[in-house]
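Let me begin by presenting the structure, written as structure tokens, before commenting on it.
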Amino acid sequence: MIRLVAGRLATGAALLVLLSLLVFVGVDLLPGDAANARLGASATPARLAETRQRLGLDRPVLVRYADWAGGLLRGDLGTSVSGTPVSAILGGRVANSALLAGLTTILLVPISLVVGMWAGLRPGSRRDRGVAVASLLFVAAPEFVTAGLLVLVFAIGLGVLPAVSLIPPGAGPLDRPAALVLPVLALLLLHASYAVRMIRATIAATVRAPHVEFARLNGEPPRDVVRHAVLPAVLPVALQVWLLTAAALVGGTVLVERVFGYPGIGEVLVTAVRTGDLPVAQALVMVLGAGVVVALLAADVGVRLSTPTLRTAEQPAPVAFR
Amino acid sequence: MRWPGTRVASGVLAVLLVVIVVGPLVAPYDPAAPVGLPYEPPTPQALLGTDALGRDLLSRILDGGLPMLGTALAGAVAGSALGTVAGLLAAWWDGRSGRSRWVEGAVLRPLDTLAIVPPMLLVLLILTAFTGHAGLVLAVALTGVPLSARVLRAAAAPVVTRAHVEAAVARGEGPAWIVGRELLPLVAGPLVADLGIRFVAAIYVVTAAGFLGVGPSGTDWGTLIVEALPGVELAPLLLAVPVVLVALLAVSVTVLADDAVRRSRAVLA
């Protein structure tokens, strides 16, 4: 077990190193840099050269990469184009976004399991088809579109919830729980629909499996069949789906945040894109990339632990990193 | 009992495509010019009302569809094409040499790294360094390449060692013949299905980019959605129309792509 986790950690670290190279050196190949962004389109070549020298952008890309990556390792996220440290800009925003993602994940686990079972235990029934259609609609529609519809229904139509997350400076989103309802609901409709589809499909396949039929024909009550024969087969899949969803929610809250004006990383990213603030965008990609790697690692280890054949296998096959 | 989803989706998509393609020609007003007061309700002059600057919503919707669709299509095709090249290369060299899997290590691994970044984040990072239309196409393409490459490699790997390919190699056919006549016809199903999935993702990325203020034109539907948000209480229709249109487009394209995936699996099986 320890060897497995250590091996996966090493893979994850290697992935992050590769990612940092792509994010820094790859982006360097694209036109446009911090000097361009700071001076705007009307800058003269001489001014550009002078600013590049002052910012150290005239040094070779690998030297700058080493500087930047070394800073990341020490917890220094770099300096934005405007001169403020990136960590000061991010401030509590990463935590605010993580709150949205965390709440969504916590609610998603029971909801997707219950709805998936409710539909999947009777494959082909009317309720199963209803769940299939509804979840397809919410998976297919972009989450900012779902969020827009929620605003129209709950904020404009019914007038019961705020359309904008007005959170006064100094207060956290938790001081205004009403502001969290619609953003979490919008994220939930997308990600829970995905989880429901996966879990429903697994359950529908499991109830047709021989061991389940055997238990049923033996006269076990339906409740026991579900508990002893269906759930153990479904949980490893469900666990992986939940953790992959959590990974997708890292950085997946940006669009919904923007609909409601929620003070998360979305606003920072959009401002960074508009002003060409590369250091901020690069730092965020690395922070969130690390979050995704951790979630994938947890998914991999969790699946291994919850699947008996994998737990005892001599040569474990990697799942998430394949 | 068969769900009529595919037929409904084709119908909805056909209507949307007509609206998008013919739209710029039949828009009644200049999409950038004010034609009335701000936030006017629908009138016979402005059938869907006006926006915050008094511009005609109908004209803006009709004008913005084509750049949005064109960018998504260009990005999806570019991503799928690059992924196909990478996937076929990996399947060919690693599959036929049988010993070293260096193409996988040199090409597919770095692409996998791209896939761990949340797609919207990758798009925003690329657009930060490379603004404009070309940047958006590149961003859409790069979000799709890793998955396309994997799909095509998996589809092509069993084909490259088949007898007809060996025969073509022994005959001394060139690479263009082998790829065009021996490989591509056999992976066409997965390729089309993959292109469908890439297009679904591309529509999402392009409308989302518009929504975040870095869209392909000033009037693409994502931009219209974000512009409608501040005045949503005065003019709900401004938000409702683009939201419903993007939802219809995304859902119908998804249903059709799902169907293409299912049929390509049926052919392989």
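We label chains A, B, ... in the order they appear in the structure tokens, count residues from 1 in each chain, and number ligands from 1 in the order shown.
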
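Using only C-alpha atoms, the protein and nucleic acid residues lying no more than 10 Å from B:Val232, apart from those fewer than 3 places from it along its own chain, are A:Gly148, A:Val151, A:Leu152, A:Ala155, A:Ile156, A:Ala163, B:Tyr39, B:Ile225, B:Glu227, B:Ala228, B:Leu229, B:Ala235, B:Pro236, B:Leu237, B:Leu238, B:Leu239, B:Ala240.
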
What residues in chain A lie within 8 Å of chain B, counting only C-alpha atoms, written as a PyMOL selection string? chain A and resi 15-16+18-19+27+30-33+136-137+140-142+144-145+148-149+152+156+248+250-252+255+258-259+269-270+272-278+281-282+285+288-289+292-293

Identify all residues of stretch 94-182 of chain B in alpha helix (DSSP H) (DSSP on the backbone) and supply them as a count of residues only. 61

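Atom to atom, atom CA of B:Thr223 and atom CA of B:Asp51 stand 12.4 Å apart.
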
Non-local contacts of B:Ala155 (9 Å; only C-alpha atoms; under 4 positions in same chain excluded) as JSON, numbers by chain: {"B": [87, 88, 91, 150, 151, 159, 186, 187, 190, 191]}
